[in-house]
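First up is the structure itself, then whatever we jot down about it.
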Amino acid sequence: MDIGTAILIIGLAALFAAFLLLVIGLVYSELMNSDIPPGVANRRKLHVVHGLFVGIAIVGRILERLGLCPQVSFTRWVRSCFLVCRTPPPPGLRVRDLSFSGVPVRVYEPRAAPSKGLRRGLVYFHGGGWIMGSVDTADELCRHIAKEAAATVVSVGYRLAPEHRYPAPLDDCEAATCHFLATAAAELGVDPQRVAVGGDSAGANLATALCQRLAKREDGHLASPCAQVLIYPALQMADFNLPSYQQNHSVPVLSRGRAVFYFLQYLNGDVAVCQDVLEARHVHAERRQRYQQWLAPANLPPESMARGYRRPPDFDYDGEVYHIVKAGLGPEVSPLLVDDEVIRRSPPTFVLTCEYDVLRDDGMLYRKRLLDQGVAVTWHHVADGFHGLLGFLNVGWLTFPTAIRAADSVVSYVRTL
C-alpha cells in the first residue's frame, strides 16, 4: 500500500470517527434534556427508542446541512426500512393495496364470512405529525383491528407535508372515505351504515376534521361515519400550555416543541414562529377568552392536575404571527375549537388518551365537549402510556406490552359498531 492510499484511508477513518462522535454527543445531549417519569411503562426501553429516533433525526439533519438529502426524506427512509416489520398476512386475513379515487389505500378483509348481514368497517388514518408515517407504519395495528374485531379496515396513504400541506392530507382522507362509503356494500361486503373513521395523533386530527366536514355537508347521497375512533388526538393549536403540555413537555416520543413544529409544517412550514406560538402570541385576548370556555384546565378531570400546573404568563399578542398561523385556529386544523352546533352533530366517539403525552388534554377536553352536547363517548385512559404507544405493537423487541392492551381497547369498541 502506498503512502497516499494509507493517508486517504486514515483520513476517511478519522472523518467517520469525528462524525460518529458528533452524533453520539448530540444524541447524549438530547437524551439528557428528555424526561421519562417513573410512571411510564418500560422506561428503559423508551429511553432506547428515544435515543434511536434522536440519532436518526440528527443524522438526517447533518445530511441536509451537507446538501445530500432532506432530513424528512432520510427519516422516512430509515423508518420504513428498519422500523417496520414486514410479515405475511396472518391466516384468515386478506390484505390488498388498492386505490380509492386516486388515493393509495391498504384494505384488510377477514376471510371468514360475517355471521349475518354485511361486515362493519373502519377507515384509518395513520399518525406521524402530517410529515411522516404511512400505511406500512400502521400495518400491525390495522391487521390487529381487522382480525380481532372481524372488521374490514381501510388504511389511507394520504399525501404528506412538507410536499403537500393543508388541506391536501384532509382532502385525500375525504376522497378515500367517500369512495369507500359509496362502494362498501357492492365491492367489499361492508355495511356503509357501520363504517367508522379513526386514526392516531395527526391521523386522529384528520378523522375528527373529516367527520365535522361531512356533518356540515350532509348532501344525503352518502352515509355518514357511524363513529369516530380517536387515539391520542391532536386537536388544537391555540394553547400549548395546558397541564399535559407542562407535565409532559420533554417526554418522548413527542415533546411540546415538536408538537408545534408538526402543526406548523402541516400549515405552511414557517417554523420561525414556533416560540411565539408556544407563548400563545398568535391568539388575541378576545379570542383567548372565547377559547377558555373549551380549553380551561377546570374542564379537565381533577386527577389531571396531580402532577402540577402553573398558569402561564400573558404574552403580548403579535398580529403578524397570527396572520402566519391563522388557518391553524380554524376548525379543520383545530377541530376542538369548532362551534357547539357542529360538535352536536358528531357521531359516537371512542377516545384513547395516555397519561404521559402532551396531547392528553386535547383528548380529554374534546371528550367533555362531546358529552356536553349529548354525544356518546367511550373513553379509555392508559395510565402508564406515552404518545405513539400503538406504533410499538408487534414489532419484535420494540413491542411494549401496554400497546397490546391499548390496541385491545380499540378492538373492543370497534366490535360494538
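In the C-alpha cells, chains take letters A, B, ... by order of appearance, with residues numbered from 1 within each chain and ligands from 1 in the order shown.
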
Mind checking which residues fall within 9 Å of segment 212-218 of chain A, counting only C-alpha atoms, ignoring those fewer than 4 positions away in the same chain, and posting them as a list in words?
Glu174, Ala207, Thr208, Leu222, Ala223, Ser224, Pro225, Pro331, Glu332, Pro335, Val338, Val342, Ile343, Arg345, Ser346 and Pro347 of chain A

Got a sec: who's within 7 Å of Leu160 of chain A, counting only C-alpha atoms, leaving out chain neighbours fewer than 6 positions off, as a ChimeraX atom specification?
/A:130-132,169

Residues of segment 175-210 of chain A in strand (DSSP E or B) according to DSSP, as a tab-separated table (two decimals) with N, CA, C and O atoms, in the first residue's frame?
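File produced: out22.tsv:
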```tsv
chain	number	residue	atom	x	y	z
A	190	VAL	N	-69.33	-4.56	2.90
A	190	VAL	CA	-69.35	-3.79	4.15
A	190	VAL	C	-70.62	-2.94	4.19
A	190	VAL	O	-70.99	-2.30	3.19
A	191	ASP	N	-71.26	-2.90	5.33
A	191	ASP	CA	-72.45	-2.07	5.51
A	191	ASP	C	-72.02	-0.61	5.67
A	191	ASP	O	-71.35	-0.26	6.65
A	192	PRO	N	-72.37	0.27	4.73
A	192	PRO	CA	-71.94	1.68	4.84
A	192	PRO	C	-72.49	2.38	6.07
A	192	PRO	O	-71.96	3.42	6.48
A	193	GLN	N	-73.56	1.83	6.66
A	193	GLN	CA	-74.11	2.40	7.89
A	193	GLN	C	-73.29	2.01	9.12
A	193	GLN	O	-73.54	2.51	10.21
A	194	ARG	N	-72.32	1.09	8.95
A	194	ARG	CA	-71.50	0.63	10.07
A	194	ARG	C	-70.02	0.91	9.81
A	194	ARG	O	-69.15	0.16	10.23
A	195	VAL	N	-69.74	2.01	9.14
A	195	VAL	CA	-68.36	2.40	8.84
A	195	VAL	C	-67.96	3.56	9.74
A	195	VAL	O	-68.61	4.61	9.75
A	196	ALA	N	-66.90	3.37	10.49
A	196	ALA	CA	-66.34	4.43	11.34
A	196	ALA	C	-65.07	4.97	10.69
A	196	ALA	O	-64.48	4.34	9.80
A	197	VAL	N	-64.65	6.14	11.13
A	197	VAL	CA	-63.36	6.68	10.73
A	197	VAL	C	-62.52	6.86	12.00
A	197	VAL	O	-63.06	7.08	13.09
A	198	GLY	N	-61.22	6.73	11.86
A	198	GLY	CA	-60.36	6.86	13.03
A	198	GLY	C	-58.92	7.08	12.64
A	198	GLY	O	-58.55	7.05	11.47
A	199	GLY	N	-58.09	7.27	13.66
A	199	GLY	CA	-56.67	7.46	13.43
A	199	GLY	C	-55.97	7.76	14.73
A	199	GLY	O	-56.60	7.89	15.79
A	200	ASP	N	-54.65	7.86	14.65
A	200	ASP	CA	-53.86	8.19	15.84
A	200	ASP	C	-53.11	9.48	15.61
A	200	ASP	O	-52.61	9.74	14.50
```

For the contact check between segment 145-235 of chain A and segment 352-367 of chain A, emit one row per residue of segment 145-235 of chain A within 7 Å, containing the shortest atom pair and the distance in Å rounded to one decimal, counting only C-alpha atoms, chain then rising number order, as a tab-separated table.
```
residue	atom	partner	partner_atom	distance
A:Leu230	CA	A:Leu352	CA	6.3
A:Ile231	CA	A:Leu352	CA	4.7
A:Tyr232	CA	A:Thr353	CA	4.9
A:Pro233	CA	A:Gly363	CA	5.8
A:Ala234	CA	A:Leu359	CA	6.0
A:Leu235	CA	A:Asp362	CA	5.8
```

Taking the chain letters and numbering used in this document, name the residues of segment 151-395 of chain A that DSSP puts in alpha helix (DSSP H), as a PyMOL selection string.
chain A and resi 168-183+202-217+243-247+256-267+274-278+285-295+319-325+340-344+360-372

With C-alpha atoms retained, write the just-selected residues as a PDB file, in the first residue's frame.
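And here's out12.pdb as it stands now:
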```pdb
ATOM      1  CA  ALA A 168     -54.157  18.142   0.841  1.00  0.00           C
ATOM      2  CA  PRO A 169     -53.966  15.392   3.519  1.00  0.00           C
ATOM      3  CA  LEU A 170     -57.530  16.086   4.653  1.00  0.00           C
ATOM      4  CA  ASP A 171     -58.777  16.166   1.062  1.00  0.00           C
ATOM      5  CA  ASP A 172     -57.196  12.770   0.423  1.00  0.00           C
ATOM      6  CA  CYS A 173     -58.849  11.349   3.535  1.00  0.00           C
ATOM      7  CA  GLU A 174     -62.198  12.685   2.396  1.00  0.00           C
ATOM      8  CA  ALA A 175     -61.808  11.295  -1.140  1.00  0.00           C
ATOM      9  CA  ALA A 176     -60.839   7.824   0.084  1.00  0.00           C
ATOM     10  CA  THR A 177     -63.581   7.743   2.730  1.00  0.00           C
ATOM     11  CA  CYS A 178     -66.337   8.867   0.372  1.00  0.00           C
ATOM     12  CA  HIS A 179     -65.208   6.302  -2.210  1.00  0.00           C
ATOM     13  CA  PHE A 180     -65.369   3.565   0.425  1.00  0.00           C
ATOM     14  CA  LEU A 181     -68.776   4.658   1.679  1.00  0.00           C
ATOM     15  CA  ALA A 182     -70.094   4.669  -1.886  1.00  0.00           C
ATOM     16  CA  THR A 183     -68.731   1.230  -2.832  1.00  0.00           C
ATOM     17  CA  ALA A 202     -52.282  13.607  13.395  1.00  0.00           C
ATOM     18  CA  GLY A 203     -54.455  10.885  11.869  1.00  0.00           C
ATOM     19  CA  ALA A 204     -56.983  11.387  14.665  1.00  0.00           C
ATOM     20  CA  ASN A 205     -56.941  15.102  13.859  1.00  0.00           C
ATOM     21  CA  LEU A 206     -57.792  14.252  10.245  1.00  0.00           C
ATOM     22  CA  ALA A 207     -60.552  11.867  11.330  1.00  0.00           C
ATOM     23  CA  THR A 208     -62.139  14.498  13.582  1.00  0.00           C
ATOM     24  CA  ALA A 209     -61.890  17.256  10.977  1.00  0.00           C
ATOM     25  CA  LEU A 210     -63.319  14.934   8.327  1.00  0.00           C
ATOM     26  CA  CYS A 211     -66.318  13.981  10.484  1.00  0.00           C
ATOM     27  CA  GLN A 212     -67.033  17.660  11.038  1.00  0.00           C
ATOM     28  CA  ARG A 213     -66.616  18.458   7.345  1.00  0.00           C
ATOM     29  CA  LEU A 214     -69.010  15.673   6.354  1.00  0.00           C
ATOM     30  CA  ALA A 215     -71.505  16.632   9.080  1.00  0.00           C
ATOM     31  CA  LYS A 216     -71.660  20.189   7.761  1.00  0.00           C
ATOM     32  CA  ARG A 217     -72.185  18.967   4.208  1.00  0.00           C
ATOM     33  CA  PRO A 243     -51.416  20.893  32.063  1.00  0.00           C
ATOM     34  CA  SER A 244     -50.429  17.937  29.871  1.00  0.00           C
ATOM     35  CA  TYR A 245     -48.082  20.155  27.849  1.00  0.00           C
ATOM     36  CA  GLN A 246     -46.432  21.379  31.042  1.00  0.00           C
ATOM     37  CA  GLN A 247     -46.243  17.997  32.769  1.00  0.00           C
ATOM     38  CA  ARG A 256     -44.034  20.176  23.467  1.00  0.00           C
ATOM     39  CA  GLY A 257     -41.800  21.916  20.921  1.00  0.00           C
ATOM     40  CA  ARG A 258     -42.137  19.132  18.359  1.00  0.00           C
ATOM     41  CA  ALA A 259     -45.927  19.294  18.599  1.00  0.00           C
ATOM     42  CA  VAL A 260     -45.834  22.937  17.493  1.00  0.00           C
ATOM     43  CA  PHE A 261     -43.261  22.102  14.814  1.00  0.00           C
ATOM     44  CA  TYR A 262     -45.552  19.476  13.280  1.00  0.00           C
ATOM     45  CA  PHE A 263     -48.565  21.796  13.254  1.00  0.00           C
ATOM     46  CA  LEU A 264     -46.510  24.491  11.514  1.00  0.00           C
ATOM     47  CA  GLN A 265     -45.172  22.027   8.948  1.00  0.00           C
ATOM     48  CA  TYR A 266     -48.740  20.978   8.200  1.00  0.00           C
ATOM     49  CA  LEU A 267     -49.808  24.592   7.749  1.00  0.00           C
ATOM     50  CA  CYS A 274     -42.511  28.271  16.857  1.00  0.00           C
ATOM     51  CA  GLN A 275     -41.572  30.067  20.095  1.00  0.00           C
ATOM     52  CA  ASP A 276     -44.253  32.716  19.524  1.00  0.00           C
ATOM     53  CA  VAL A 277     -46.885  30.001  19.153  1.00  0.00           C
ATOM     54  CA  LEU A 278     -45.644  28.251  22.297  1.00  0.00           C
ATOM     55  CA  ALA A 285     -57.085  38.395  24.096  1.00  0.00           C
ATOM     56  CA  GLU A 286     -60.724  38.348  22.930  1.00  0.00           C
ATOM     57  CA  ARG A 287     -60.241  35.113  21.031  1.00  0.00           C
ATOM     58  CA  ARG A 288     -58.369  33.639  24.002  1.00  0.00           C
ATOM     59  CA  GLN A 289     -61.290  34.495  26.254  1.00  0.00           C
ATOM     60  CA  ARG A 290     -63.676  32.691  23.895  1.00  0.00           C
ATOM     61  CA  TYR A 291     -61.467  29.589  23.759  1.00  0.00           C
ATOM     62  CA  GLN A 292     -61.287  29.399  27.540  1.00  0.00           C
ATOM     63  CA  GLN A 293     -64.815  28.011  27.710  1.00  0.00           C
ATOM     64  CA  TRP A 294     -63.437  24.906  25.982  1.00  0.00           C
ATOM     65  CA  LEU A 295     -59.749  24.882  26.966  1.00  0.00           C
ATOM     66  CA  GLY A 319     -50.721  40.233  14.756  1.00  0.00           C
ATOM     67  CA  GLU A 320     -48.016  39.197  12.318  1.00  0.00           C
ATOM     68  CA  VAL A 321     -47.702  35.787  13.953  1.00  0.00           C
ATOM     69  CA  TYR A 322     -51.487  35.417  13.903  1.00  0.00           C
ATOM     70  CA  HIS A 323     -51.634  36.030  10.153  1.00  0.00           C
ATOM     71  CA  ILE A 324     -48.941  33.412   9.594  1.00  0.00           C
ATOM     72  CA  VAL A 325     -50.805  30.699  11.520  1.00  0.00           C
ATOM     73  CA  ASP A 340     -71.272  23.692  19.536  1.00  0.00           C
ATOM     74  CA  GLU A 341     -73.680  23.147  16.643  1.00  0.00           C
ATOM     75  CA  VAL A 342     -71.073  21.117  14.757  1.00  0.00           C
ATOM     76  CA  ILE A 343     -69.962  19.223  17.869  1.00  0.00           C
ATOM     77  CA  ARG A 344     -73.587  18.252  18.440  1.00  0.00           C
ATOM     78  CA  ARG A 360     -53.552  14.040  26.700  1.00  0.00           C
ATOM     79  CA  ASP A 361     -55.630  17.108  27.485  1.00  0.00           C
ATOM     80  CA  ASP A 362     -56.719  17.619  23.865  1.00  0.00           C
ATOM     81  CA  GLY A 363     -58.461  14.246  24.018  1.00  0.00           C
ATOM     82  CA  MET A 364     -59.931  14.863  27.459  1.00  0.00           C
ATOM     83  CA  LEU A 365     -61.228  18.320  26.580  1.00  0.00           C
ATOM     84  CA  TYR A 366     -62.789  17.062  23.348  1.00  0.00           C
ATOM     85  CA  ARG A 367     -64.450  14.265  25.304  1.00  0.00           C
ATOM     86  CA  LYS A 368     -66.034  16.861  27.605  1.00  0.00           C
ATOM     87  CA  ARG A 369     -67.231  18.961  24.673  1.00  0.00           C
ATOM     88  CA  LEU A 370     -68.869  15.924  23.109  1.00  0.00           C
ATOM     89  CA  LEU A 371     -70.528  14.884  26.372  1.00  0.00           C
ATOM     90  CA  ASP A 372     -71.780  18.424  26.991  1.00  0.00           C
TER      91      ASP A 372
END
```

Could you jot down the atom CA of Val84 of chain A to atom CA of Arg165 of chain A separation for me, Å, one decimal place?
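Interatomic distance, atom CA of Val84 of chain A to atom CA of Arg165 of chain A: 24.9 Å.
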
Closest of A:Ala112, A:Leu66, A:Ala161, A:Val154 to Asp139 of chain A - atom-to-atom distances counting only C-alpha atoms:
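Going through A:Ala112, A:Leu66, A:Ala161, A:Val154 one by one, the smallest distance to Asp139 of chain A is for A:Val154.
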
Residues near Ala146 of chain A, cut-off 9 Å, only C-alpha atoms, skip fewer than 3 positions along chain, as a ChimeraX atom specification:
/A:93,108-110,121-122,141-143,149-153,411

Report the distance between atom CA of Arg44 of chain A and atom CA of Ala403 of chain A in Å, rounded to one decimal place.
15.6 Å

Among listed residues A:Gly67, A:Gly391, A:Gly385, A:Gly396, nearest Pro38 of chain A (using only C-alpha atoms)
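Checking each of A:Gly67, A:Gly391, A:Gly385, A:Gly396 against Pro38 of chain A, counting only C-alpha atoms, the winner is A:Gly385.
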
To one decimal place in Å, what is the distance between atom CA of Leu118 of chain A and atom CA of Asp97 of chain A?
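Computing it gives 21.6 Å between the two atoms.
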